[in-house]
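Engineer: Provided herewith: upload.csv, CSV, C-alpha atoms.
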```csv
chain,number,residue,atom,x,y,z
A,1,MET,CA,83.5,31.7,3.3
A,2,ALA,CA,82.1,28.5,4.8
A,3,LYS,CA,84.5,25.6,5.4
A,4,ALA,CA,84.0,22.5,3.3
A,5,THR,CA,82.7,20.6,6.3
A,6,ASP,CA,80.0,23.2,7.0
A,7,SER,CA,76.4,23.3,5.9
A,8,ILE,CA,74.1,26.2,5.3
A,9,ILE,CA,70.3,26.6,5.0
A,10,LYS,CA,68.9,28.7,2.2
A,11,THR,CA,65.3,29.6,1.8
A,12,ILE,CA,64.4,29.1,-1.9
A,13,ALA,CA,60.9,29.4,-3.4
A,14,GLY,CA,59.5,29.2,0.2
A,15,HIS,CA,61.3,26.0,1.1
A,16,GLU,CA,64.4,25.4,3.3
A,17,VAL,CA,67.2,23.7,1.3
A,18,LYS,CA,70.1,22.4,3.3
A,19,ILE,CA,73.4,22.7,1.3
A,20,SER,CA,76.3,20.7,2.6
A,21,SER,CA,79.9,21.8,1.7
A,22,PRO,CA,78.7,24.9,-0.2
A,23,ASP,CA,82.2,26.0,-1.1
A,24,LYS,CA,83.1,22.6,-2.7
A,25,VAL,CA,84.5,23.3,-6.2
A,26,PHE,CA,82.3,21.6,-8.7
A,27,PHE,CA,84.0,23.0,-11.9
A,28,SER,CA,87.7,22.9,-11.8
A,29,ARG,CA,88.5,25.2,-14.7
A,30,SER,CA,86.1,28.0,-13.8
A,31,GLY,CA,86.4,27.5,-10.0
A,32,HIS,CA,82.6,27.6,-9.5
A,33,THR,CA,81.4,25.9,-6.3
A,34,LYS,CA,78.2,24.0,-5.4
A,35,LEU,CA,76.8,27.2,-3.9
A,36,ASP,CA,77.6,29.1,-7.1
A,37,LEU,CA,75.7,26.4,-9.1
A,38,ILE,CA,72.6,26.8,-6.9
A,39,GLU,CA,72.7,30.6,-7.0
A,40,PHE,CA,73.1,30.5,-10.8
A,41,TYR,CA,69.8,28.6,-11.0
A,42,GLU,CA,68.2,31.1,-8.7
A,43,SER,CA,69.4,33.9,-11.0
A,44,ILE,CA,67.6,32.5,-14.1
A,45,GLU,CA,64.5,31.3,-12.2
A,46,GLY,CA,62.0,32.6,-14.7
A,47,PRO,CA,63.4,31.1,-18.0
A,48,LEU,CA,64.5,28.0,-16.1
A,49,MET,CA,61.1,27.2,-14.8
A,50,ALA,CA,59.4,28.1,-18.1
A,51,ALA,CA,61.5,25.4,-19.7
A,52,MET,CA,61.6,22.8,-16.9
A,53,GLY,CA,58.7,23.6,-14.7
A,54,ASP,CA,56.4,20.6,-13.7
A,55,ARG,CA,58.4,18.1,-15.8
A,56,PRO,CA,59.6,14.8,-14.4
A,57,THR,CA,63.4,14.7,-14.3
A,58,LEU,CA,66.1,12.1,-14.6
A,59,MET,CA,69.0,13.3,-12.6
A,60,GLN,CA,72.6,12.8,-13.6
A,61,ARG,CA,74.7,13.1,-10.4
A,62,PHE,CA,78.3,14.0,-10.0
A,63,PRO,CA,78.9,13.9,-6.2
A,64,ASP,CA,82.5,15.1,-6.7
A,65,GLY,CA,81.8,17.7,-9.3
A,66,ALA,CA,82.2,17.8,-13.1
A,67,SER,CA,85.6,16.0,-13.0
A,68,GLY,CA,84.3,13.1,-11.0
A,69,LYS,CA,82.4,9.9,-11.6
A,70,SER,CA,78.7,10.1,-12.3
A,71,PHE,CA,75.5,8.0,-12.2
A,72,PHE,CA,71.9,8.4,-13.3
A,73,GLN,CA,69.3,8.5,-10.6
A,74,LYS,CA,65.7,7.7,-11.8
A,75,ARG,CA,64.3,7.4,-8.3
A,76,VAL,CA,64.1,10.0,-5.6
A,77,PRO,CA,66.3,8.7,-2.7
A,78,LYS,CA,65.1,8.1,0.8
A,79,GLY,CA,65.4,11.1,3.1
A,80,ALA,CA,64.1,13.6,0.5
A,81,PRO,CA,62.3,16.6,2.1
A,82,GLU,CA,58.5,16.3,2.6
A,83,TRP,CA,57.9,19.2,0.2
A,84,LEU,CA,59.6,17.5,-2.7
A,85,GLN,CA,57.1,16.7,-5.5
A,86,THR,CA,57.4,13.4,-7.3
A,87,THR,CA,55.6,11.5,-10.0
A,88,VAL,CA,55.7,7.9,-11.4
A,89,VAL,CA,57.3,7.5,-14.7
A,90,SER,CA,58.1,4.3,-16.7
A,91,THR,CA,60.8,3.0,-19.0
A,92,PRO,CA,60.4,1.2,-22.3
A,93,ASN,CA,60.3,-2.2,-20.6
A,94,GLY,CA,57.6,-1.0,-18.2
A,95,THR,CA,59.7,-0.5,-15.1
A,96,THR,CA,58.4,2.4,-13.0
A,97,SER,CA,60.2,4.8,-10.8
A,98,ASN,CA,59.4,7.8,-8.6
A,99,ALA,CA,61.0,10.7,-10.3
A,100,MET,CA,61.5,14.3,-9.1
A,101,VAL,CA,59.2,16.9,-10.6
A,102,ALA,CA,60.8,20.2,-11.3
A,103,ALA,CA,58.1,22.0,-9.4
A,104,ASP,CA,60.0,25.1,-8.6
A,105,VAL,CA,63.6,26.3,-8.3
A,106,ALA,CA,63.9,24.9,-4.8
A,107,HIS,CA,63.6,21.4,-6.3
A,108,ILE,CA,66.4,22.2,-8.8
A,109,ALA,CA,68.5,23.5,-5.9
A,110,TRP,CA,67.9,20.4,-3.8
A,111,ALA,CA,69.1,18.2,-6.8
A,112,ALA,CA,72.1,20.4,-7.4
A,113,GLN,CA,73.0,20.1,-3.7
A,114,MET,CA,73.3,16.4,-4.4
A,115,GLY,CA,75.6,17.0,-7.3
A,116,CYS,CA,73.1,16.9,-10.1
A,117,LEU,CA,74.9,18.3,-13.2
A,118,GLY,CA,72.4,17.3,-15.8
A,119,PHE,CA,68.6,17.5,-15.7
A,120,HIS,CA,67.2,15.1,-18.3
A,121,LEU,CA,63.5,16.0,-18.9
A,122,TRP,CA,60.5,14.1,-20.1
A,123,PRO,CA,58.5,15.8,-22.9
A,124,TYR,CA,55.3,16.1,-20.9
A,125,LYS,CA,54.1,17.7,-17.6
A,126,ALA,CA,53.8,15.6,-14.4
A,127,GLN,CA,50.0,16.0,-14.3
A,128,GLN,CA,49.9,13.9,-17.5
A,129,ALA,CA,51.9,11.1,-15.9
A,130,ASP,CA,49.1,9.2,-14.3
A,131,SER,CA,48.5,7.0,-17.4
A,132,PRO,CA,51.8,5.8,-18.8
A,133,GLU,CA,50.4,4.4,-21.9
A,134,SER,CA,48.7,7.6,-23.0
A,135,TYR,CA,51.3,10.3,-22.4
A,136,ASN,CA,50.7,13.3,-24.6
A,137,ALA,CA,53.9,15.1,-25.4
A,138,ASP,CA,53.9,18.9,-25.6
A,139,GLN,CA,57.3,19.1,-27.2
A,140,LEU,CA,59.0,18.1,-30.5
A,141,ARG,CA,62.7,17.8,-30.0
A,142,ILE,CA,65.1,18.0,-32.9
A,143,ASP,CA,68.6,16.8,-32.1
A,144,LEU,CA,71.3,17.8,-34.6
A,145,ASP,CA,73.9,15.2,-34.0
A,146,PRO,CA,77.4,15.7,-35.4
A,147,SER,CA,79.0,12.8,-37.2
A,148,PRO,CA,82.8,12.4,-37.4
A,149,GLY,CA,84.2,15.1,-39.6
A,150,ILE,CA,81.3,17.5,-38.8
A,151,GLY,CA,82.1,20.9,-37.2
A,152,PHE,CA,80.0,23.4,-35.5
A,153,ASP,CA,79.6,25.5,-38.7
A,154,ASP,CA,78.0,22.4,-40.3
A,155,ILE,CA,75.6,22.2,-37.3
A,156,ARG,CA,74.7,25.9,-37.8
A,157,ALA,CA,74.0,25.3,-41.5
A,158,ALA,CA,71.9,22.3,-40.6
A,159,ALA,CA,69.9,24.3,-38.1
A,160,ARG,CA,69.0,26.9,-40.8
A,161,LEU,CA,67.8,24.1,-43.1
A,162,VAL,CA,65.6,22.7,-40.4
A,163,LYS,CA,64.2,26.1,-39.5
A,164,ASP,CA,63.3,26.7,-43.2
A,165,LEU,CA,61.3,23.6,-43.4
A,166,MET,CA,59.7,24.0,-40.0
A,167,ASP,CA,58.7,27.6,-40.9
A,168,GLU,CA,57.3,26.3,-44.2
A,169,VAL,CA,55.0,23.8,-42.5
A,170,GLY,CA,54.0,26.2,-39.8
A,171,VAL,CA,55.7,24.5,-36.8
A,172,PRO,CA,58.3,27.1,-35.7
A,173,CYS,CA,61.2,25.8,-33.7
A,174,TYR,CA,63.6,27.5,-31.3
A,175,PRO,CA,67.3,26.7,-30.8
A,176,LYS,CA,69.5,25.9,-27.8
A,177,THR,CA,73.1,24.8,-27.4
A,178,THR,CA,73.5,21.3,-25.9
A,179,GLY,CA,76.4,22.6,-23.8
A,180,SER,CA,78.7,20.4,-25.9
A,181,ARG,CA,79.0,19.9,-29.7
A,182,GLY,CA,75.5,20.0,-31.1
A,183,LEU,CA,72.3,22.0,-31.1
A,184,HIS,CA,68.8,21.1,-30.1
A,185,LEU,CA,65.7,22.7,-31.7
A,186,PHE,CA,62.4,22.6,-29.8
A,187,ALA,CA,58.8,23.2,-30.8
A,188,THR,CA,56.0,23.5,-28.4
A,189,LEU,CA,53.0,21.4,-29.3
A,190,GLU,CA,49.4,21.3,-28.5
A,191,PRO,CA,49.3,18.3,-26.1
A,192,ARG,CA,47.0,16.2,-28.5
A,193,TRP,CA,49.5,13.5,-29.6
A,194,ASP,CA,51.3,10.8,-27.8
A,195,SER,CA,55.0,10.2,-28.1
A,196,TYR,CA,54.6,7.5,-30.8
A,197,GLN,CA,52.9,10.1,-33.0
A,198,VAL,CA,55.5,12.7,-32.2
A,199,ARG,CA,58.3,10.3,-33.0
A,200,ALA,CA,56.5,9.5,-36.3
A,201,ALA,CA,56.4,13.2,-37.1
A,202,ALA,CA,60.1,13.5,-36.3
A,203,VAL,CA,60.9,10.6,-38.6
A,204,ALA,CA,59.0,12.2,-41.4
A,205,LEU,CA,60.8,15.5,-40.8
A,206,ALA,CA,64.2,13.9,-40.9
A,207,ARG,CA,63.4,12.0,-44.1
A,208,GLU,CA,62.1,15.1,-45.9
A,209,LEU,CA,65.2,17.0,-44.8
A,210,GLU,CA,67.4,14.3,-46.2
A,211,ARG,CA,65.5,14.3,-49.5
A,212,ARG,CA,65.9,18.0,-49.8
A,213,HIS,CA,69.5,18.2,-48.6
A,214,PRO,CA,71.1,14.8,-49.1
A,215,GLU,CA,74.7,16.1,-49.0
A,216,GLU,CA,74.2,17.9,-45.6
A,217,LEU,CA,71.6,16.0,-43.7
A,218,THR,CA,70.7,12.4,-43.0
A,219,ALA,CA,68.0,10.3,-41.4
A,220,ALA,CA,70.2,7.2,-41.4
A,221,TRP,CA,70.0,5.5,-38.0
A,222,TRP,CA,73.1,3.3,-38.6
A,223,LYS,CA,76.3,5.3,-38.2
A,224,GLU,CA,78.0,3.5,-41.0
A,225,GLU,CA,75.4,5.0,-43.4
A,226,ARG,CA,75.7,8.7,-42.3
A,227,GLY,CA,79.0,9.8,-43.8
A,228,GLU,CA,80.0,13.4,-43.1
A,229,ARG,CA,76.5,14.6,-42.6
A,230,VAL,CA,74.4,16.0,-39.7
A,231,PHE,CA,72.1,13.3,-38.3
A,232,ILE,CA,68.6,14.4,-37.4
A,233,ASP,CA,68.0,12.1,-34.4
A,234,PHE,CA,64.3,11.4,-34.5
A,235,ASN,CA,64.5,8.8,-31.7
A,236,GLN,CA,65.0,11.6,-29.2
A,237,ASN,CA,61.2,11.8,-29.4
A,238,ALA,CA,60.6,8.1,-28.6
A,239,PRO,CA,58.2,7.4,-25.7
A,240,HIS,CA,59.9,7.6,-22.3
A,241,LYS,CA,62.9,9.4,-23.8
A,242,THR,CA,64.5,12.2,-21.8
A,243,VAL,CA,66.5,15.1,-23.3
A,244,PHE,CA,69.1,17.3,-21.6
A,245,GLY,CA,67.2,20.3,-20.2
A,246,ALA,CA,67.4,23.9,-21.3
A,247,TRP,CA,69.4,26.1,-18.9
A,248,SER,CA,70.9,23.0,-17.3
A,249,VAL,CA,74.6,23.3,-16.4
A,250,ARG,CA,76.7,20.6,-18.1
A,251,SER,CA,79.2,18.3,-16.4
A,252,ARG,CA,82.1,20.2,-17.9
A,253,VAL,CA,85.0,21.8,-16.0
A,254,GLY,CA,84.2,25.2,-17.6
A,255,ALA,CA,80.6,25.2,-16.3
A,256,GLN,CA,79.0,25.4,-19.7
A,257,VAL,CA,75.2,25.7,-19.9
A,258,SER,CA,72.7,24.3,-22.4
A,259,THR,CA,71.5,27.7,-23.5
A,260,PRO,CA,68.5,28.9,-25.5
A,261,PHE,CA,69.2,31.7,-27.9
A,262,HIS,CA,67.6,33.8,-30.6
A,263,TRP,CA,67.8,32.7,-34.3
A,264,ASP,CA,69.6,35.9,-35.2
A,265,GLU,CA,72.4,34.9,-32.9
A,266,LEU,CA,73.1,31.6,-34.8
A,267,ASP,CA,76.0,32.9,-36.8
A,268,SER,CA,77.9,34.1,-33.7
A,269,VAL,CA,76.8,31.7,-31.0
A,270,ASP,CA,79.7,29.9,-29.3
A,271,PRO,CA,78.6,27.0,-27.0
A,272,GLU,CA,82.0,27.2,-25.2
A,273,ALA,CA,81.3,30.8,-24.2
A,274,PHE,CA,78.0,30.1,-22.5
A,275,THR,CA,79.2,29.6,-19.0
A,276,MET,CA,77.2,30.2,-15.8
A,277,ASP,CA,78.4,33.7,-15.3
A,278,VAL,CA,77.9,34.6,-19.0
A,279,VAL,CA,74.4,33.1,-19.1
A,280,SER,CA,73.3,34.7,-15.9
A,281,ALA,CA,74.2,38.1,-17.2
A,282,LYS,CA,72.7,37.4,-20.6
A,283,VAL,CA,69.4,36.5,-19.1
A,284,ALA,CA,69.4,39.5,-16.8
A,285,ALA,CA,70.0,41.8,-19.8
A,286,GLU,CA,67.9,40.1,-22.5
A,287,GLY,CA,65.3,37.9,-20.9
A,288,ASP,CA,64.1,34.6,-22.2
A,289,PRO,CA,64.6,34.0,-25.9
A,290,TRP,CA,62.1,31.1,-25.8
A,291,ALA,CA,59.3,33.1,-24.3
A,292,PRO,CA,57.4,33.3,-27.7
A,293,MET,CA,57.5,29.5,-28.0
A,294,TYR,CA,55.5,28.9,-24.9
A,295,ASP,CA,52.8,31.3,-26.0
A,296,ALA,CA,51.9,29.6,-29.3
A,297,PRO,CA,51.7,25.8,-29.2
A,298,CYS,CA,51.7,24.2,-32.6
A,299,SER,CA,49.8,21.5,-34.4
A,300,LEU,CA,51.6,18.4,-35.4
A,301,GLU,CA,49.3,17.7,-38.3
A,302,PRO,CA,51.6,19.0,-41.1
A,303,LEU,CA,54.4,16.6,-40.1
A,304,LEU,CA,52.0,13.7,-39.6
A,305,THR,CA,50.7,14.3,-43.1
A,306,MET,CA,54.3,13.9,-44.3
A,307,HIS,CA,54.5,10.7,-42.3
A,308,GLU,CA,51.2,9.3,-43.8
A,309,ALA,CA,52.5,10.1,-47.3
A,310,ASP,CA,55.7,8.1,-46.6
A,311,MET,CA,53.8,5.2,-45.4
A,312,SER,CA,51.5,5.3,-48.4
A,313,ASN,CA,54.5,5.2,-50.6
A,314,GLY,CA,55.6,1.9,-49.0
A,315,MET,CA,58.2,3.2,-46.6
A,316,MET,CA,58.8,1.3,-43.4
A,317,ASP,CA,59.2,2.8,-40.0
A,318,ALA,CA,62.7,3.9,-39.0
A,319,PRO,CA,64.7,1.7,-36.6
A,320,TRP,CA,64.0,2.1,-32.9
A,321,PRO,CA,66.7,2.1,-30.2
A,322,PRO,CA,67.6,-1.4,-28.9
A,323,VAL,CA,66.0,-0.9,-25.5
A,324,TYR,CA,62.5,-0.8,-27.1
A,325,PRO,CA,60.5,-3.8,-28.1
A,326,LYS,CA,60.2,-4.7,-31.7
A,327,MET,CA,57.7,-2.3,-33.3
A,328,PRO,CA,55.2,-2.8,-36.1
A,329,ASN,CA,56.5,-2.1,-39.6
A,330,GLU,CA,60.0,-1.7,-38.2
A,331,PRO,CA,62.9,-2.9,-40.4
A,332,PRO,CA,65.3,-5.6,-39.1
A,333,ARG,CA,67.5,-4.3,-36.3
A,334,VAL,CA,70.8,-5.2,-37.9
A,335,ALA,CA,73.5,-2.9,-39.3
A,336,PRO,CA,73.4,-2.9,-43.1
A,337,SER,CA,77.0,-4.3,-43.3
A,338,ARG,CA,76.1,-7.2,-41.1
A,339,ALA,CA,72.9,-7.9,-43.1
A,340,LYS,CA,75.0,-8.1,-46.3
A,341,LYS,CA,77.4,-10.6,-44.6
A,342,ALA,CA,74.4,-12.7,-43.5
A,343,ASP,CA,73.1,-12.9,-47.1
```
Rewrite the structure from the file as structure tokens, please.
Structural biologist:
Amino acid sequence: MAKATDSIIKTIAGHEVKISSPDKVFFSRSGHTKLDLIEFYESIEGPLMAAMGDRPTLMQRFPDGASGKSFFQKRVPKGAPEWLQTTVVSTPNGTTSNAMVAADVAHIAWAAQMGCLGFHLWPYKAQQADSPESYNADQLRIDLDPSPGIGFDDIRAAARLVKDLMDEVGVPCYPKTTGSRGLHLFATLEPRWDSYQVRAAAVALARELERRHPEELTAAWWKEERGERVFIDFNQNAPHKTVFGAWSVRSRVGAQVSTPFHWDELDSVDPEAFTMDVVSAKVAAEGDPWAPMYDAPCSLEPLLTMHEADMSNGMMDAPWPPVYPKMPNEPPRVAPSRAKKAD
């Protein structure tokens, strides 16, 4: 075994990747090292690149492993290898940065070597990033966010209700664990709509789900209005918003992975059990549960029709996150309890 002060060179996807301190423990409970992390990504290369390939990434770095401090890195640092692909992305306020593109598994390994324990991905491919005001997203991302008092069984039940509606309107979605307490559901879209339209569709979806299942699901942006219900976080589809990537290892001491799975596994899925070793073996045995999603991109029109109906009925837009400028038809950005006090 290499000493902690040693470095090794691995050839990955045709590129030489220097790995310093390969035996440094990154996950204290499981004992997995930096090299284990990189070799895990190599072992699931096919599904990993199907989910992440060619997307700009926001890296969350933990130089001392999952138990240490972290920071987000939007810009590729100086000294990156010449082969590393980048693209310009922007934030809601217009600030631009040179982000790494997940071009192949060598790029993932290079980031992991720097302690990246979280790849946060844009909802479009890098080749679409040359015109920041006209990004067309190719994903709809449904984040099932647990409120206080909500357990994982409630998240499972919410996922079934979302699936039923999505199947009804002809936009099939596919589940993954977040690596923590919730679930993400993804749908692949024809890249015909920008992120403003995709968010509008997500708002309409959340509101229709709340109308049908008011005791279980909510579209309420303000936490004080949610109660013990699962929140459908539509703002995960806002322009410039990144989401934790499928197959990405979480910054948890047990080395849990944000793992795609089949719908028929929903009743038994245990996010805690999806560690690097388990997921690597699962992929080797079963392949990619999301493979059908990539082969059949969907139209957003059914959900946009719902949105247009809501607007025709006099509804306002849903609140945006505070980092965004005030949007047309947006309600006041003040919590309902504070608004009442002001009155």
Engineer: Mind checking which residues fall within 10 Å of Pro302 (chain A), counting only C-alpha atoms, ignoring those fewer than 2 positions away in the same chain, and posting them as a list in words?
Structural biologist: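 Within the cut-off, the hits are Met166, Glu168, Val169, Gly170, Val171, Ala201, Leu205, Cys298, Ser299, Leu300, Leu304, Thr305, Met306 and His307 of chain A.
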Engineer: At a cut-off of 9 Å, can you tabulate as a tab-separated table every residue of region 214-266 of chain A near region 87-103 of chain A together with its closest atom pair and the distance in Å to one decimal, using all atoms listed in the file and ordering rows by chain then number?
Structural biologist:
```
residue	atom	partner	partner_atom	distance
A:Pro239	CA	A:Pro92	CA	7.4
A:His240	CA	A:Thr91	CA	5.7
A:Lys241	CA	A:Thr91	CA	8.3
```
Engineer: Go ahead and dump the residues you just picked, C-alpha atoms, as a PDB file, in the frame of the given file.
Structural biologist:
```pdb
ATOM      1  CA  PRO A 239      58.200   7.400 -25.700  1.00  0.00           C
ATOM      2  CA  HIS A 240      59.900   7.600 -22.300  1.00  0.00           C
ATOM      3  CA  LYS A 241      62.900   9.400 -23.800  1.00  0.00           C
TER       4      LYS A 241
END
```
Engineer: Region 249-303 of chain A near region 45-49 of chain A within 10 Å: what's each residue's closest atom pair and its distance in Å to one decimal, counting only C-alpha atoms, ordered by chain then ascending residue number, as a tab-separated table?
Structural biologist:
```
residue	atom	partner	partner_atom	distance
A:Pro260	CA	A:Pro47	CA	9.3
A:Val283	CA	A:Pro47	CA	8.1
A:Gly287	CA	A:Pro47	CA	7.6
A:Asp288	CA	A:Pro47	CA	5.5
A:Pro289	CA	A:Pro47	CA	8.5
A:Trp290	CA	A:Pro47	CA	7.9
A:Ala291	CA	A:Pro47	CA	7.8
```
Engineer: Find the residues around Gly65 (chain A) up to 9 Å (all atoms listed in the file counted), leave out those fewer than 3 positions away in its own chain, and share them as a list in words.
Structural biologist: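 Residues meeting the cut-off are Lys24, Val25, Phe26, Phe27, Ser28, Thr33, Lys34, Arg61, Phe62, Gly68, Lys69, Ser70, Gly115, Cys116, Leu117, Ser251, Arg252 and Val253 of chain A.
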Engineer: For the residues in the current selection, export C-alpha atoms as a CSV table (one decimal), keeping the file's coordinate frame.
Structural biologist:
```
chain,number,residue,atom,x,y,z
A,24,LYS,CA,83.1,22.6,-2.7
A,25,VAL,CA,84.5,23.3,-6.2
A,26,PHE,CA,82.3,21.6,-8.7
A,27,PHE,CA,84.0,23.0,-11.9
A,28,SER,CA,87.7,22.9,-11.8
A,33,THR,CA,81.4,25.9,-6.3
A,34,LYS,CA,78.2,24.0,-5.4
A,61,ARG,CA,74.7,13.1,-10.4
A,62,PHE,CA,78.3,14.0,-10.0
A,68,GLY,CA,84.3,13.1,-11.0
A,69,LYS,CA,82.4,9.9,-11.6
A,70,SER,CA,78.7,10.1,-12.3
A,115,GLY,CA,75.6,17.0,-7.3
A,116,CYS,CA,73.1,16.9,-10.1
A,117,LEU,CA,74.9,18.3,-13.2
A,251,SER,CA,79.2,18.3,-16.4
A,252,ARG,CA,82.1,20.2,-17.9
A,253,VAL,CA,85.0,21.8,-16.0
```
Engineer: What lies within 12 Å of Pro148 (chain A) using all atoms listed in the file, ignoring chain neighbours under 5 positions off, as JSON, numbers by chain?
Structural biologist: {"A": [154, 181, 223, 224, 226, 227, 228, 229, 230, 231]}
Engineer: Excluding same-chain residues fewer than 6 positions from Asp143 (chain A), what lies within 7 Å of it counting all atoms listed in the file, as an mmCIF file with C-alpha atoms, in the frame of the given file?
Structural biologist:
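Final file, part-v9.cif:
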```
data_model
loop_
_atom_site.group_PDB
_atom_site.id
_atom_site.type_symbol
_atom_site.label_atom_id
_atom_site.label_comp_id
_atom_site.auth_asym_id
_atom_site.auth_seq_id
_atom_site.Cartn_x
_atom_site.Cartn_y
_atom_site.Cartn_z
ATOM 1 C CA LEU A 183 72.300 22.000 -31.100
ATOM 2 C CA HIS A 184 68.800 21.100 -30.100
ATOM 3 C CA LEU A 185 65.700 22.700 -31.700
ATOM 4 C CA ILE A 232 68.600 14.400 -37.400
ATOM 5 C CA ASP A 233 68.000 12.100 -34.400
ATOM 6 C CA GLN A 236 65.000 11.600 -29.200
#
```
Engineer: At what distance in Å, to one decimal, does CA of Gln127 (chain A) lie from CA of Gln113 (chain A)?
Structural biologist: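 For CA of Gln113 (chain A) relative to CA of Gln127 (chain A), the distance reads 25.7 Å.
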Engineer: Separation of CA of Arg211 (chain A) and CA of Ala158 (chain A), in Å?
Structural biologist: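 Value for the CA of Arg211 (chain A)-CA of Ala158 (chain A) distance: 13.6 Å.
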Engineer: Please determine, counting all atoms listed in the file, which residue among A:Ser20, A:Gln85, A:Asn136, A:Thr242 has the shortest atom-to-atom distance to Ile108 (chain A).
Structural biologist: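 Looking at the shortest contact to Ile108 (chain A), the residue is A:Gln85.
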Engineer: Counting only C-alpha atoms, which residue out of A:Val257, A:Ala309, A:Val17, A:Leu165 sits closest to Ser180 (chain A)?
Structural biologist: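 Counting only C-alpha atoms, the residue closest to Ser180 (chain A) is A:Val257.
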Engineer: Name all residues at most 12 Å from Glu39 (chain A) (count all atoms listed in the file; drop same-chain ones fewer than 6 positions away) and give them as a compact mmCIF listing (two decimals) with C-alpha atoms, in the coordinates of the input.
Structural biologist:
```txt
# COMPACT_ATOMS: atom_id res chain seq x y z
CA LYS A 10 68.90 28.70 2.20
CA THR A 11 65.30 29.60 1.80
CA ILE A 12 64.40 29.10 -1.90
CA ILE A 19 73.40 22.70 1.30
CA PRO A 22 78.70 24.90 -0.20
CA HIS A 32 82.60 27.60 -9.50
CA THR A 33 81.40 25.90 -6.30
CA GLU A 45 64.50 31.30 -12.20
CA VAL A 105 63.60 26.30 -8.30
CA ALA A 106 63.90 24.90 -4.80
CA ILE A 108 66.40 22.20 -8.80
CA ALA A 109 68.50 23.50 -5.90
CA TRP A 110 67.90 20.40 -3.80
CA ALA A 112 72.10 20.40 -7.40
CA GLN A 113 73.00 20.10 -3.70
CA MET A 276 77.20 30.20 -15.80
CA ASP A 277 78.40 33.70 -15.30
CA SER A 280 73.30 34.70 -15.90
```
Engineer: For CA of Ala159 (chain A) and CA of Phe234 (chain A), determine how far apart the two atoms are, in Å to one decimal place.
Structural biologist: 14.5 Å
Engineer: From the list A:Asp54, A:Glu190, A:Asp104, A:Asp164, which residue is nearest Lys125 (chain A) when using all atoms listed in the file?
Structural biologist: A:Asp54
Engineer: (69.6, 34.9, -35.9) in this file's frame - what residues fall within 12 Å of it? Use only C-alpha atoms and give the answer as a list of chain:residue names.
Structural biologist: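 Output of the proximity query reads A:Arg156, A:Ala157, A:Ala159, A:Arg160, A:Lys163, A:Tyr174, A:Pro175, A:Phe261, A:His262, A:Trp263, A:Asp264, A:Glu265, A:Leu266, A:Asp267, A:Ser268, A:Val269, A:Pro289.
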Engineer: If you keep C-alpha atoms, can you produce a file of those selected residues as a short mmCIF file (atom, residue, chain, number, x, y, z; two decimals), in the coordinates of the input?
Structural biologist:
```cif
data_model
loop_
_atom_site.label_atom_id
_atom_site.label_comp_id
_atom_site.auth_asym_id
_atom_site.auth_seq_id
_atom_site.Cartn_x
_atom_site.Cartn_y
_atom_site.Cartn_z
CA ARG A 156 74.70 25.90 -37.80
CA ALA A 157 74.00 25.30 -41.50
CA ALA A 159 69.90 24.30 -38.10
CA ARG A 160 69.00 26.90 -40.80
CA LYS A 163 64.20 26.10 -39.50
CA TYR A 174 63.60 27.50 -31.30
CA PRO A 175 67.30 26.70 -30.80
CA PHE A 261 69.20 31.70 -27.90
CA HIS A 262 67.60 33.80 -30.60
CA TRP A 263 67.80 32.70 -34.30
CA ASP A 264 69.60 35.90 -35.20
CA GLU A 265 72.40 34.90 -32.90
CA LEU A 266 73.10 31.60 -34.80
CA ASP A 267 76.00 32.90 -36.80
CA SER A 268 77.90 34.10 -33.70
CA VAL A 269 76.80 31.70 -31.00
CA PRO A 289 64.60 34.00 -25.90
#
```
Engineer: Compare A:Leu161, A:Trp193, A:Asn313, A:Ser43 by their minimum atom-to-atom distance to Arg212 (chain A), counting only C-alpha atoms, and give me the closest one.
Structural biologist: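 Going through A:Leu161, A:Trp193, A:Asn313, A:Ser43 one by one, the smallest distance to Arg212 (chain A) is for A:Leu161.
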Engineer: Using only C-alpha atoms, which of the listed residues (A:Leu144, A:Ile155, A:Ala126, A:Ala204) sits closest to Met315 (chain A)?
Structural biologist: A:Ala204
Engineer: Using only C-alpha atoms, can you tell me which of A:Ala285, A:Glu301, A:Gly254, A:Trp222 comes closest to Ala335 (chain A)?
Structural biologist: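 Of A:Ala285, A:Glu301, A:Gly254, A:Trp222, the one nearest Ala335 (chain A), counting only C-alpha atoms, is A:Trp222.
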Engineer: Is it possible to add N, CA and C atoms to region 223-228 of chain A and hand it back as an mmCIF file, in the coordinates of the input?
Structural biologist:
```cif
data_model
loop_
_atom_site.group_PDB
_atom_site.id
_atom_site.type_symbol
_atom_site.label_atom_id
_atom_site.label_comp_id
_atom_site.auth_asym_id
_atom_site.auth_seq_id
_atom_site.Cartn_x
_atom_site.Cartn_y
_atom_site.Cartn_z
ATOM 1 N N LYS A 223 75.181 4.361 -38.016
ATOM 2 C CA LYS A 223 76.300 5.300 -38.200
ATOM 3 C C LYS A 223 77.074 5.065 -39.454
ATOM 4 N N GLU A 224 77.191 3.808 -39.856
ATOM 5 C CA GLU A 224 78.000 3.500 -41.000
ATOM 6 C C GLU A 224 77.376 4.072 -42.320
ATOM 7 N N GLU A 225 76.109 4.489 -42.257
ATOM 8 C CA GLU A 225 75.400 5.000 -43.400
ATOM 9 C C GLU A 225 75.403 6.575 -43.438
ATOM 10 N N ARG A 226 75.863 7.206 -42.380
ATOM 11 C CA ARG A 226 75.700 8.700 -42.300
ATOM 12 C C ARG A 226 76.692 9.451 -43.060
ATOM 13 N N GLY A 227 77.927 8.996 -43.140
ATOM 14 C CA GLY A 227 79.000 9.800 -43.800
ATOM 15 C C GLY A 227 79.206 11.071 -43.023
ATOM 16 N N GLU A 228 79.740 12.075 -43.715
ATOM 17 C CA GLU A 228 80.000 13.400 -43.100
ATOM 18 C C GLU A 228 78.766 14.258 -43.269
#
```
